[in-house]
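Colleague: File protein22.cif below, mmCIF, C-alpha atoms:
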data_work
#
loop_
_atom_site.label_atom_id
_atom_site.label_comp_id
_atom_site.auth_asym_id
_atom_site.auth_seq_id
_atom_site.Cartn_x
_atom_site.Cartn_y
_atom_site.Cartn_z
CA MET G 638 -24.03 -20.86 -34.99
CA ASN G 639 -25.16 -19.96 -31.51
CA SER G 640 -23.47 -21.45 -28.50
CA SER G 641 -25.90 -20.33 -25.82
CA ILE G 642 -29.23 -20.28 -27.67
CA GLU G 643 -30.49 -23.77 -28.37
CA LEU G 644 -32.77 -23.76 -31.40
CA LYS G 645 -36.09 -25.55 -30.99
CA LYS G 646 -37.69 -27.55 -33.76
CA HIS G 647 -40.98 -26.05 -34.90
CA GLU G 648 -44.00 -28.38 -35.01
CA VAL G 649 -46.36 -27.58 -37.88
CA ALA G 650 -49.95 -27.23 -36.63
CA HIS G 651 -51.94 -30.39 -37.41
CA HIS G 652 -54.35 -28.69 -39.83
CA PHE G 653 -51.53 -27.70 -42.20
CA GLU G 654 -49.95 -30.04 -44.71
CA SER G 655 -46.49 -28.48 -44.57
CA ALA G 656 -44.50 -25.69 -42.95
CA GLU G 657 -44.68 -23.82 -46.22
CA GLN G 658 -48.48 -23.97 -46.32
CA GLU G 659 -48.56 -22.79 -42.71
CA PHE G 660 -46.28 -19.85 -43.53
CA ASP G 661 -48.28 -18.87 -46.63
CA ALA G 662 -51.58 -18.97 -44.73
CA ALA G 663 -50.14 -16.67 -42.05
CA LYS G 664 -48.80 -14.33 -44.70
CA ILE G 665 -52.12 -13.99 -46.56
CA GLY G 666 -53.80 -13.29 -43.22
CA MET G 667 -51.21 -10.64 -42.39
CA TRP G 668 -51.60 -8.90 -45.75
CA ALA G 669 -55.39 -8.93 -45.35
CA PHE G 670 -54.86 -7.25 -41.97
CA ILE G 671 -52.51 -4.71 -43.56
CA ALA G 672 -55.15 -3.95 -46.23
CA GLN G 673 -57.60 -3.33 -43.38
CA GLU G 674 -55.09 -1.02 -41.66
CA ILE G 675 -54.70 0.99 -44.86
CA LEU G 676 -58.48 1.42 -45.05
CA PHE G 677 -58.58 2.35 -41.35
CA PHE G 678 -56.00 5.13 -41.77
CA SER G 679 -57.53 6.22 -45.11
CA ALA G 680 -60.47 7.82 -43.27
CA LEU G 681 -58.01 10.23 -41.65
CA PHE G 682 -56.27 10.98 -44.94
CA VAL G 683 -59.60 11.68 -46.64
CA ALA G 684 -60.60 13.96 -43.73
CA TYR G 685 -57.25 15.74 -44.13
CA ALA G 686 -57.72 16.18 -47.90
CA VAL G 687 -61.30 17.49 -47.58
CA MET G 688 -60.42 19.94 -44.80
CA LYS G 689 -57.32 21.16 -46.63
CA PHE G 690 -59.50 21.67 -49.71
CA LEU G 691 -62.02 23.70 -47.67
CA HIS G 692 -59.45 25.71 -45.64
CA PRO G 693 -56.20 25.94 -47.63
CA GLU G 694 -54.72 29.06 -45.93
CA MET G 695 -55.51 27.78 -42.44
CA PHE G 696 -53.68 24.51 -43.17
CA VAL G 697 -50.54 26.36 -44.27
CA ASN G 698 -50.69 28.47 -41.11
CA ALA G 699 -51.36 25.48 -38.82
CA SER G 700 -48.60 23.32 -40.27
CA SER G 701 -46.11 26.17 -39.70
CA LEU G 702 -46.93 25.84 -35.97
CA LEU G 703 -45.45 22.31 -35.98
CA SER G 704 -41.70 21.76 -35.78
CA TRP G 705 -40.62 20.18 -39.09
CA LYS G 706 -37.21 19.51 -37.55
CA MET G 707 -38.75 17.22 -34.94
CA GLY G 708 -40.85 15.62 -37.68
CA LEU G 709 -37.78 15.05 -39.84
CA PHE G 710 -35.88 13.59 -36.89
CA ASN G 711 -38.73 11.18 -36.16
CA THR G 712 -39.02 10.22 -39.84
CA THR G 713 -35.33 9.29 -39.86
CA VAL G 714 -35.74 7.34 -36.61
CA LEU G 715 -38.67 5.33 -38.03
CA ILE G 716 -36.95 4.58 -41.36
CA THR G 717 -33.88 3.40 -39.45
CA SER G 718 -36.10 1.22 -37.25
CA SER G 719 -37.66 -0.30 -40.40
CA PHE G 720 -34.13 -1.16 -41.56
CA THR G 721 -33.18 -2.76 -38.21
CA MET G 722 -36.48 -4.69 -38.28
CA VAL G 723 -35.87 -6.10 -41.75
CA MET G 724 -32.32 -7.03 -40.66
CA ALA G 725 -33.75 -8.88 -37.64
CA VAL G 726 -35.84 -11.00 -40.04
CA GLN G 727 -32.89 -11.55 -42.38
CA ARG G 728 -30.53 -12.58 -39.54
CA THR G 729 -33.13 -15.09 -38.28
CA GLN G 730 -33.37 -16.59 -41.79
CA VAL G 731 -29.62 -17.29 -41.75
CA ASN G 732 -29.66 -18.57 -38.14
CA LYS G 733 -27.71 -15.63 -36.65
CA ILE G 734 -30.12 -15.49 -33.73
CA LYS G 735 -28.03 -13.32 -31.42
CA GLN G 736 -27.56 -10.69 -34.12
CA SER G 737 -31.28 -10.88 -34.81
CA ILE G 738 -32.04 -10.22 -31.13
CA ASN G 739 -29.68 -7.22 -31.17
CA TYR G 740 -31.48 -5.82 -34.22
CA LEU G 741 -34.80 -6.32 -32.42
CA TYR G 742 -33.45 -4.39 -29.41
CA ALA G 743 -32.31 -1.62 -31.76
CA THR G 744 -35.79 -1.47 -33.30
CA LEU G 745 -37.36 -1.32 -29.85
CA GLY G 746 -34.97 1.46 -28.81
CA LEU G 747 -35.66 3.52 -31.93
CA ALA G 748 -39.42 3.11 -31.38
CA GLY G 749 -38.85 4.41 -27.85
CA VAL G 750 -36.93 7.43 -29.19
CA PHE G 751 -39.84 8.14 -31.56
CA MET G 752 -42.33 8.11 -28.68
CA VAL G 753 -40.13 10.37 -26.50
CA VAL G 754 -39.89 12.96 -29.31
CA LYS G 755 -43.66 12.67 -29.81
CA TYR G 756 -44.14 13.27 -26.06
CA PHE G 757 -42.12 16.51 -26.25
CA GLU G 758 -44.02 17.62 -29.35
CA TYR G 759 -47.39 16.97 -27.69
CA THR G 760 -46.48 18.68 -24.39
CA SER G 761 -45.14 21.77 -26.20
CA LYS G 762 -48.43 22.01 -28.11
CA PHE G 763 -50.49 21.49 -24.92
CA SER G 764 -48.51 24.19 -23.09
CA HIS G 765 -49.60 26.68 -25.77
CA GLY G 766 -53.24 25.64 -25.46
CA ILE G 767 -53.17 23.78 -28.74
CA PHE G 768 -55.53 20.84 -28.28
CA SER G 769 -57.83 18.83 -30.49
CA THR G 770 -61.07 20.43 -31.76
CA LYS G 771 -63.23 22.05 -29.01
CA PHE G 772 -60.51 21.79 -26.35
CA PHE G 773 -58.37 24.28 -28.26
CA THR G 774 -57.66 27.41 -26.16
CA ALA G 775 -54.76 29.09 -27.99
CA GLU G 776 -54.71 32.32 -29.91
CA GLY G 777 -54.58 31.92 -33.65
CA ALA G 778 -55.05 33.62 -36.98
CA PHE G 779 -57.89 31.35 -38.14
CA GLU G 780 -61.05 30.28 -36.33
CA THR G 781 -60.80 26.90 -38.02
CA LEU G 782 -57.38 26.01 -36.52
CA PRO G 783 -58.92 23.36 -34.20
CA VAL G 784 -59.98 21.43 -37.33
CA PHE G 785 -56.33 20.92 -38.33
CA PHE G 786 -55.28 20.00 -34.83
CA GLY G 787 -58.20 17.58 -34.50
CA ILE G 788 -56.79 15.72 -37.51
CA TYR G 789 -53.21 16.12 -36.26
CA PHE G 790 -53.86 14.69 -32.80
CA VAL G 791 -56.12 11.85 -33.95
CA ALA G 792 -53.79 10.82 -36.82
CA THR G 793 -50.51 11.03 -34.88
CA GLY G 794 -52.21 9.65 -31.76
CA LEU G 795 -53.47 6.53 -33.56
CA HIS G 796 -50.11 6.18 -35.26
CA GLY G 797 -48.40 6.47 -31.85
CA LEU G 798 -50.74 3.79 -30.50
CA HIS G 799 -49.60 1.54 -33.36
CA ILE G 800 -45.97 2.21 -32.37
CA LEU G 801 -46.72 1.25 -28.75
CA ILE G 802 -48.45 -1.98 -29.87
CA GLY G 803 -45.48 -2.67 -32.17
CA MET G 804 -43.09 -2.20 -29.24
CA GLY G 805 -45.06 -4.80 -27.29
CA LEU G 806 -44.88 -7.21 -30.24
CA ILE G 807 -41.12 -6.69 -30.67
CA LEU G 808 -40.59 -7.36 -26.96
CA TRP G 809 -42.59 -10.59 -27.37
CA LEU G 810 -40.34 -11.53 -30.33
CA ILE G 811 -37.21 -10.89 -28.24
CA LEU G 812 -38.48 -13.13 -25.42
CA ARG G 813 -39.32 -15.95 -27.83
CA ALA G 814 -36.12 -15.56 -29.86
CA ARG G 815 -34.06 -15.89 -26.67
CA LYS G 816 -35.71 -19.27 -26.09
CA GLY G 817 -34.51 -20.35 -29.53
CA GLU G 818 -37.99 -20.55 -31.05
CA PHE G 819 -37.06 -18.72 -34.27
CA HIS G 820 -34.55 -19.95 -36.85
CA SER G 821 -34.19 -20.56 -40.59
CA GLU G 822 -36.95 -23.20 -40.52
CA TYR G 823 -39.47 -21.12 -38.57
CA PHE G 824 -39.58 -17.32 -38.43
CA THR G 825 -43.26 -16.60 -39.20
CA PRO G 826 -43.89 -14.28 -36.19
CA VAL G 827 -40.71 -12.25 -36.86
CA GLU G 828 -41.68 -11.79 -40.50
CA MET G 829 -45.30 -10.81 -39.66
CA VAL G 830 -44.35 -8.28 -36.97
CA GLY G 831 -41.85 -6.94 -39.52
CA LEU G 832 -44.65 -6.39 -42.06
CA TYR G 833 -46.71 -4.62 -39.40
CA TRP G 834 -43.75 -2.42 -38.48
CA HIS G 835 -43.14 -1.40 -42.11
CA LEU G 836 -46.83 -0.52 -42.48
CA VAL G 837 -46.57 1.80 -39.46
CA ASP G 838 -43.53 3.33 -41.20
CA ILE G 839 -45.51 3.84 -44.43
CA VAL G 840 -48.30 5.64 -42.53
CA TRP G 841 -45.70 8.01 -41.06
CA ILE G 842 -44.11 8.52 -44.51
CA PHE G 843 -47.42 10.14 -45.50
CA LEU G 844 -48.19 11.88 -42.19
CA PHE G 845 -44.84 13.68 -42.10
CA PRO G 846 -45.08 15.74 -45.33
CA LEU G 847 -48.86 16.24 -45.04
CA LEU G 848 -48.84 17.57 -41.47
CA TYR G 849 -45.41 19.17 -41.13
CA LEU G 850 -44.35 20.33 -44.59
CA LEU G 851 -47.32 21.35 -46.76
CA MET B 1086 -42.48 -33.41 -41.15
CA SER B 1087 -41.14 -32.23 -44.44
CA GLN B 1088 -39.75 -28.92 -43.24
CA ASN B 1089 -36.65 -29.07 -45.35
CA GLU B 1090 -38.46 -28.53 -48.63
CA HIS B 1091 -39.71 -25.27 -47.09
CA SER B 1092 -37.30 -22.99 -48.86
CA HIS B 1093 -37.28 -19.21 -48.65
CA HIS B 1094 -34.68 -17.40 -50.57
CA VAL B 1095 -32.87 -15.04 -48.27
CA ILE B 1096 -32.37 -11.49 -49.53
CA PRO B 1097 -28.73 -10.33 -49.32
CA VAL B 1098 -27.99 -7.54 -46.81
CA PRO B 1099 -26.76 -4.95 -49.39
CA VAL B 1100 -30.27 -4.86 -50.91
CA TYR B 1101 -31.64 -3.66 -47.55
CA VAL B 1102 -28.78 -1.20 -47.04
CA LYS B 1103 -29.45 0.37 -50.47
CA THR B 1104 -33.19 0.52 -49.69
CA PHE B 1105 -32.41 2.30 -46.43
CA ILE B 1106 -30.12 4.84 -48.15
CA ALA B 1107 -32.73 5.51 -50.86
CA LEU B 1108 -35.37 6.21 -48.19
CA ILE B 1109 -33.10 8.63 -46.30
CA VAL B 1110 -32.21 10.46 -49.54
CA LEU B 1111 -35.90 10.80 -50.45
CA THR B 1112 -36.69 12.07 -46.92
CA VAL B 1113 -34.06 14.82 -47.24
CA LEU B 1114 -35.37 15.58 -50.74
CA THR B 1115 -38.96 16.01 -49.52
CA VAL B 1116 -37.84 18.49 -46.83
CA VAL B 1117 -35.68 20.45 -49.31
CA ALA B 1118 -38.52 20.51 -51.87
CA SER B 1119 -40.93 21.85 -49.24
CA ARG B 1120 -38.53 24.62 -48.06
CA ILE B 1121 -37.97 26.11 -51.52
CA ASP B 1122 -40.65 27.77 -53.63
CA THR B 1123 -41.86 25.24 -56.19
CA GLY B 1124 -45.16 27.00 -56.86
CA ILE B 1125 -48.00 24.72 -57.91
CA LEU B 1126 -45.66 21.72 -57.71
CA HIS B 1127 -45.49 22.05 -53.91
CA THR B 1128 -48.19 19.49 -53.03
CA PRO B 1129 -47.68 17.11 -56.01
CA LEU B 1130 -43.93 16.90 -55.23
CA ALA B 1131 -44.52 16.05 -51.56
CA LEU B 1132 -47.14 13.42 -52.47
CA GLY B 1133 -45.03 12.00 -55.29
CA ILE B 1134 -42.01 11.54 -53.03
CA ALA B 1135 -44.20 9.97 -50.31
CA MET B 1136 -45.65 7.53 -52.89
CA ALA B 1137 -42.15 6.64 -54.10
CA LYS B 1138 -41.05 5.98 -50.50
CA MET B 1139 -44.14 3.84 -49.90
CA ALA B 1140 -43.36 1.81 -53.05
CA ILE B 1141 -39.75 1.30 -51.93
CA VAL B 1142 -40.79 0.14 -48.43
CA ALA B 1143 -43.47 -2.20 -49.84
CA LEU B 1144 -41.27 -3.70 -52.58
CA PHE B 1145 -38.06 -4.25 -50.63
CA PHE B 1146 -38.61 -4.06 -46.85
CA MET B 1147 -41.99 -5.81 -47.06
CA GLY B 1148 -40.69 -8.05 -49.84
CA LEU B 1149 -43.58 -7.63 -52.33
CA LYS B 1150 -40.99 -7.80 -55.13
CA TRP B 1151 -40.25 -11.45 -54.32
CA ASP B 1152 -43.57 -12.40 -52.74
CA LYS B 1153 -46.54 -14.35 -54.09
CA GLY B 1154 -49.04 -12.31 -56.12
CA ILE B 1155 -51.81 -12.50 -53.52
CA SER B 1156 -49.92 -10.13 -51.18
CA SER B 1157 -49.59 -7.49 -53.88
CA ILE B 1158 -53.26 -7.90 -54.83
CA LEU B 1159 -54.30 -7.20 -51.22
CA PHE B 1160 -51.97 -4.20 -50.93
CA VAL B 1161 -52.83 -2.61 -54.29
CA GLY B 1162 -56.52 -3.48 -53.77
CA ALA B 1163 -56.58 -1.53 -50.52
CA GLY B 1164 -54.89 1.38 -52.33
CA ALA B 1165 -57.56 1.28 -55.05
CA ALA B 1166 -60.29 1.35 -52.38
CA VAL B 1167 -58.68 4.44 -50.81
CA PHE B 1168 -58.62 6.11 -54.24
CA ILE B 1169 -62.36 5.45 -54.74
CA PHE B 1170 -63.05 6.72 -51.19
CA MET B 1171 -61.13 9.94 -51.97
CA LEU B 1172 -62.81 10.37 -55.37
CA LEU B 1173 -66.41 9.95 -54.17
CA THR B 1174 -65.88 12.14 -51.09
CA PHE B 1175 -64.51 14.92 -53.29
CA ALA B 1176 -67.35 14.49 -55.78
CA ASP B 1177 -69.63 15.20 -52.81
CA TYR B 1178 -67.66 18.07 -51.20
CA SER B 1179 -66.86 19.89 -54.44
CA PHE B 1180 -70.52 20.48 -55.20
CA ARG B 1181 -72.02 20.59 -51.73
CA GLY B 1182 -72.03 24.40 -51.42
CA ASP B 1183 -74.66 24.63 -54.15
CA ILE B 1184 -77.10 22.59 -52.11
CA SER B 1185 -76.39 23.82 -48.59
CA PRO B 1186 -75.06 27.37 -48.80
CA ASP B 1187 -75.11 28.23 -45.10
CA GLU B 1188 -71.92 26.82 -43.56
CA LYS B 1189 -72.57 28.35 -40.13
CA GLN B 1190 -75.92 26.67 -39.89
CA ARG B 1191 -74.53 23.36 -41.00
CA PHE B 1192 -71.80 23.15 -38.38
CA GLY B 1193 -73.37 25.32 -35.68
CA ILE B 1194 -70.16 25.29 -33.62
CA ASP B 1195 -68.67 28.37 -31.97
CA SER B 1196 -64.92 28.50 -32.54
CA PRO B 1197 -62.80 28.30 -29.37
CA VAL B 1198 -59.94 30.19 -31.06
CA LYS B 1199 -58.93 33.60 -29.64
CA LEU B 1200 -58.34 35.42 -32.88
CA VAL B 1201 -55.22 37.47 -33.49
CA GLU B 1202 -55.05 39.87 -36.48
CA PRO B 1203 -58.84 39.90 -36.97
CA GLY B 1204 -58.37 40.95 -40.59
CA ALA B 1205 -56.65 37.68 -41.40
CA SER B 1206 -59.34 35.57 -39.84
CA HIS B 1207 -61.86 35.28 -42.63
CA GLY B 1208 -60.11 32.52 -44.51
CA GLY B 1209 -62.04 29.95 -42.54
CA HIS B 1210 -65.64 29.04 -41.87
CA GLY B 1211 -68.30 30.12 -44.23
CA SER B 1212 -66.41 32.53 -46.42
CA LYS B 1213 -65.28 30.12 -49.10
CA GLY B 1214 -67.06 28.00 -51.66
CA ASN B 1215 -70.35 29.84 -51.16
CA HIS B 1216 -72.04 32.40 -53.33
#
Could you rewrite the structure in this file as structure tokens?

Modeller:
Amino acid sequence: MNSSIELKKHEVAHHFESAEQEFDAAKIGMWAFIAQEILFFSALFVAYAVMKFLHPEMFVNASSLLSWKMGLFNTTVLITSSFTMVMAVQRTQVNKIKQSINYLYATLGLAGVFMVVKYFEYTSKFSHGIFSTKFFTAEGAFETLPVFFGIYFVATGLHGLHILIGMGLILWLILRARKGEFHSEYFTPVEMVGLYWHLVDIVWIFLFPLLYLL
Amino acid sequence: MSQNEHSHHVIPVPVYVKTFIALIVLTVLTVVASRIDTGILHTPLALGIAMAKMAIVALFFMGLKWDKGISSILFVGAGAAVFIFMLLTFADYSFRGDISPDEKQRFGIDSPVKLVEPGASHGGHGSKGNH
């Protein structure tokens, strides 16, 4: 097992009968939160669908202004980070804590790469005067272009905020894992942050084709 | 404490590796499908592939395949709510032009866009969906 990380026994909170009941309660809570997140992002997807329905040609024109290569790169980065995240959970379940920490670092690094690419995408749009809604100053072929970029910046911005929050959570997992708090008998926080991270991946799986490819 | 009866079955690594490969293949496929001319299949293909990827992430990475039913109910339930949201909003928007024909008056916003090719500019505000 691990020579330098001493695993700590987890004490089940007094209001739970067993560790299993504690884990299941946390999991139902996490899935309820994920359901809420889906509803939260759905408003943006409905806005996208309605505006695309009202302005089909403008949407084709606007999406050609985005770099699908950067979008594809970021999609690959996020899918890879979902894989490293799930491996971090799996390694904890078999008590390979050091490997789990390495996978968490990999996930954190990939999330960082995603944000750096997003930064370059945003600044290249800003430098052309492409901003959200009324702040738009660029030239364009359609007067309704700011509508698309309003959706683009709000959707990718909120998604980016989720990535940043996820990075904070992963860092928190790394700090706790190094103290030996997670192991085969207790890995609830690793599993729950994992679920959150995969949800953020799912949101991007839809944002990528809708904004960059259609 | 009876922590030892707390048994989770651990998913073998190859399952996650295969899931990862499937997701990468589908990502490449969605880009290829969008770069070639698939006519009216353009949007349905992109959405179909995205749905397939979502299902793969949910089933394997999020473990719904092996999880208790309540998790799937919450996930699918949220999806059903999104579907109803989409449906009712479109029921509204599809027939709205008949009630409020003047788009300009409804939005009342001057566009900040400096138009290029003025001829190509009338695809937007006010020129569609009204009679």

Colleague: Take the PyMOL selection byres ((chain G) within 8 of (chain B)), apply it to the structure above, and return the hits as a PyMOL selection string.

Modeller: chain G and resi 649+655-657+664-665+668-669+671-673+675-676+679+683+687+691-692+694-695+709+712-713+716-717+719-720+723-724+727+730-731+771-783+822+831-832+835+839+842-843+846-847+850-851

Colleague: Which polymer residues have any atom within 12 Å of an atom of G:Lys733, counting all atoms listed in the file, with same-chain residues fewer than 5 positions away left out, as an mmCIF file with C-alpha atoms, in the coordinates of the input?

Modeller:
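Contents of part-v2.cif, freshly written:
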data_model
loop_
_atom_site.group_PDB
_atom_site.id
_atom_site.type_symbol
_atom_site.label_atom_id
_atom_site.label_comp_id
_atom_site.auth_asym_id
_atom_site.auth_seq_id
_atom_site.Cartn_x
_atom_site.Cartn_y
_atom_site.Cartn_z
ATOM 1 C CA MET G 638 -24.030 -20.860 -34.990
ATOM 2 C CA ASN G 639 -25.160 -19.960 -31.510
ATOM 3 C CA SER G 640 -23.470 -21.450 -28.500
ATOM 4 C CA SER G 641 -25.900 -20.330 -25.820
ATOM 5 C CA ILE G 642 -29.230 -20.280 -27.670
ATOM 6 C CA GLU G 643 -30.490 -23.770 -28.370
ATOM 7 C CA LEU G 644 -32.770 -23.760 -31.400
ATOM 8 C CA MET G 724 -32.320 -7.030 -40.660
ATOM 9 C CA ALA G 725 -33.750 -8.880 -37.640
ATOM 10 C CA VAL G 726 -35.840 -11.000 -40.040
ATOM 11 C CA GLN G 727 -32.890 -11.550 -42.380
ATOM 12 C CA ARG G 728 -30.530 -12.580 -39.540
ATOM 13 C CA ILE G 738 -32.040 -10.220 -31.130
ATOM 14 C CA ASN G 739 -29.680 -7.220 -31.170
ATOM 15 C CA TYR G 740 -31.480 -5.820 -34.220
ATOM 16 C CA ALA G 814 -36.120 -15.560 -29.860
ATOM 17 C CA ARG G 815 -34.060 -15.890 -26.670
ATOM 18 C CA GLY G 817 -34.510 -20.350 -29.530
ATOM 19 C CA PHE G 819 -37.060 -18.720 -34.270
ATOM 20 C CA HIS G 820 -34.550 -19.950 -36.850
ATOM 21 C CA SER G 821 -34.190 -20.560 -40.590
#

Colleague: Please enclose the listed atoms of stretch 705-724 of chain G in an axis-aligned box, pad each side by 3 Å, and write out the centre and the three edge lengths in Å, rounded to one decimal, as JSON.

Modeller:
{"center_x": -36.6, "center_y": 6.6, "center_z": -38.3, "size_x": 14.5, "size_y": 33.2, "size_z": 12.8}

Colleague: Atom CA of G:Ser701 to atom CA of B:Leu1126: how many Å, to one decimal?

Modeller: 18.6 Å

Colleague: For this file, the PyMOL selection byres ((chain G and resi 788) around 9) selects which residues, as a PDB file with C-alpha atoms, in the coordinates of the input?

Modeller:
ATOM      1  CA  LEU G 681     -58.010  10.230 -41.650  1.00  0.00           C
ATOM      2  CA  PHE G 682     -56.270  10.980 -44.940  1.00  0.00           C
ATOM      3  CA  ALA G 684     -60.600  13.960 -43.730  1.00  0.00           C
ATOM      4  CA  TYR G 685     -57.250  15.740 -44.130  1.00  0.00           C
ATOM      5  CA  SER G 769     -57.830  18.830 -30.490  1.00  0.00           C
ATOM      6  CA  THR G 770     -61.070  20.430 -31.760  1.00  0.00           C
ATOM      7  CA  PRO G 783     -58.920  23.360 -34.200  1.00  0.00           C
ATOM      8  CA  VAL G 784     -59.980  21.430 -37.330  1.00  0.00           C
ATOM      9  CA  PHE G 785     -56.330  20.920 -38.330  1.00  0.00           C
ATOM     10  CA  PHE G 786     -55.280  20.000 -34.830  1.00  0.00           C
ATOM     11  CA  GLY G 787     -58.200  17.580 -34.500  1.00  0.00           C
ATOM     12  CA  TYR G 789     -53.210  16.120 -36.260  1.00  0.00           C
ATOM     13  CA  PHE G 790     -53.860  14.690 -32.800  1.00  0.00           C
ATOM     14  CA  VAL G 791     -56.120  11.850 -33.950  1.00  0.00           C
ATOM     15  CA  ALA G 792     -53.790  10.820 -36.820  1.00  0.00           C
ATOM     16  CA  THR G 793     -50.510  11.030 -34.880  1.00  0.00           C
TER      17      THR G 793
END

Colleague: From the options G:Met722, G:Leu836, G:Leu745, G:Ile811, which residue's atoms come nearest to G:Met667, counting only C-alpha atoms?

Modeller: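 Ranked by minimum distance to G:Met667, first place goes to G:Leu836.
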
Colleague: Expressed in Å to a single decimal, how great is the separation between atom CA of G:His652 and atom CA of B:Gly1154?

Modeller: 23.7 Å

Colleague: So how far away is atom CA of G:Met752 from atom CA of G:Val697, in Å?

Modeller: 25.4 Å

Colleague: Residues near G:Tyr742, anyone? I mean within 9 Å using all atoms listed in the file, not counting same-chain ones fewer than 4 positions away, as a list in words.

Modeller: Thr721, Ser737, Ile738, Gly746, Leu747, Ile807, Leu808 and Ile811 of chain G

Colleague: So that I have them on file, write out the residues from the current selection with C-alpha atoms, as a PDB file, in the coordinates of the input.

Modeller:
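Once written, again-v8.pdb looks like this:
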ATOM      1  CA  THR G 721     -33.180  -2.760 -38.210  1.00  0.00           C
ATOM      2  CA  SER G 737     -31.280 -10.880 -34.810  1.00  0.00           C
ATOM      3  CA  ILE G 738     -32.040 -10.220 -31.130  1.00  0.00           C
ATOM      4  CA  GLY G 746     -34.970   1.460 -28.810  1.00  0.00           C
ATOM      5  CA  LEU G 747     -35.660   3.520 -31.930  1.00  0.00           C
ATOM      6  CA  ILE G 807     -41.120  -6.690 -30.670  1.00  0.00           C
ATOM      7  CA  LEU G 808     -40.590  -7.360 -26.960  1.00  0.00           C
ATOM      8  CA  ILE G 811     -37.210 -10.890 -28.240  1.00  0.00           C
TER       9      ILE G 811
END
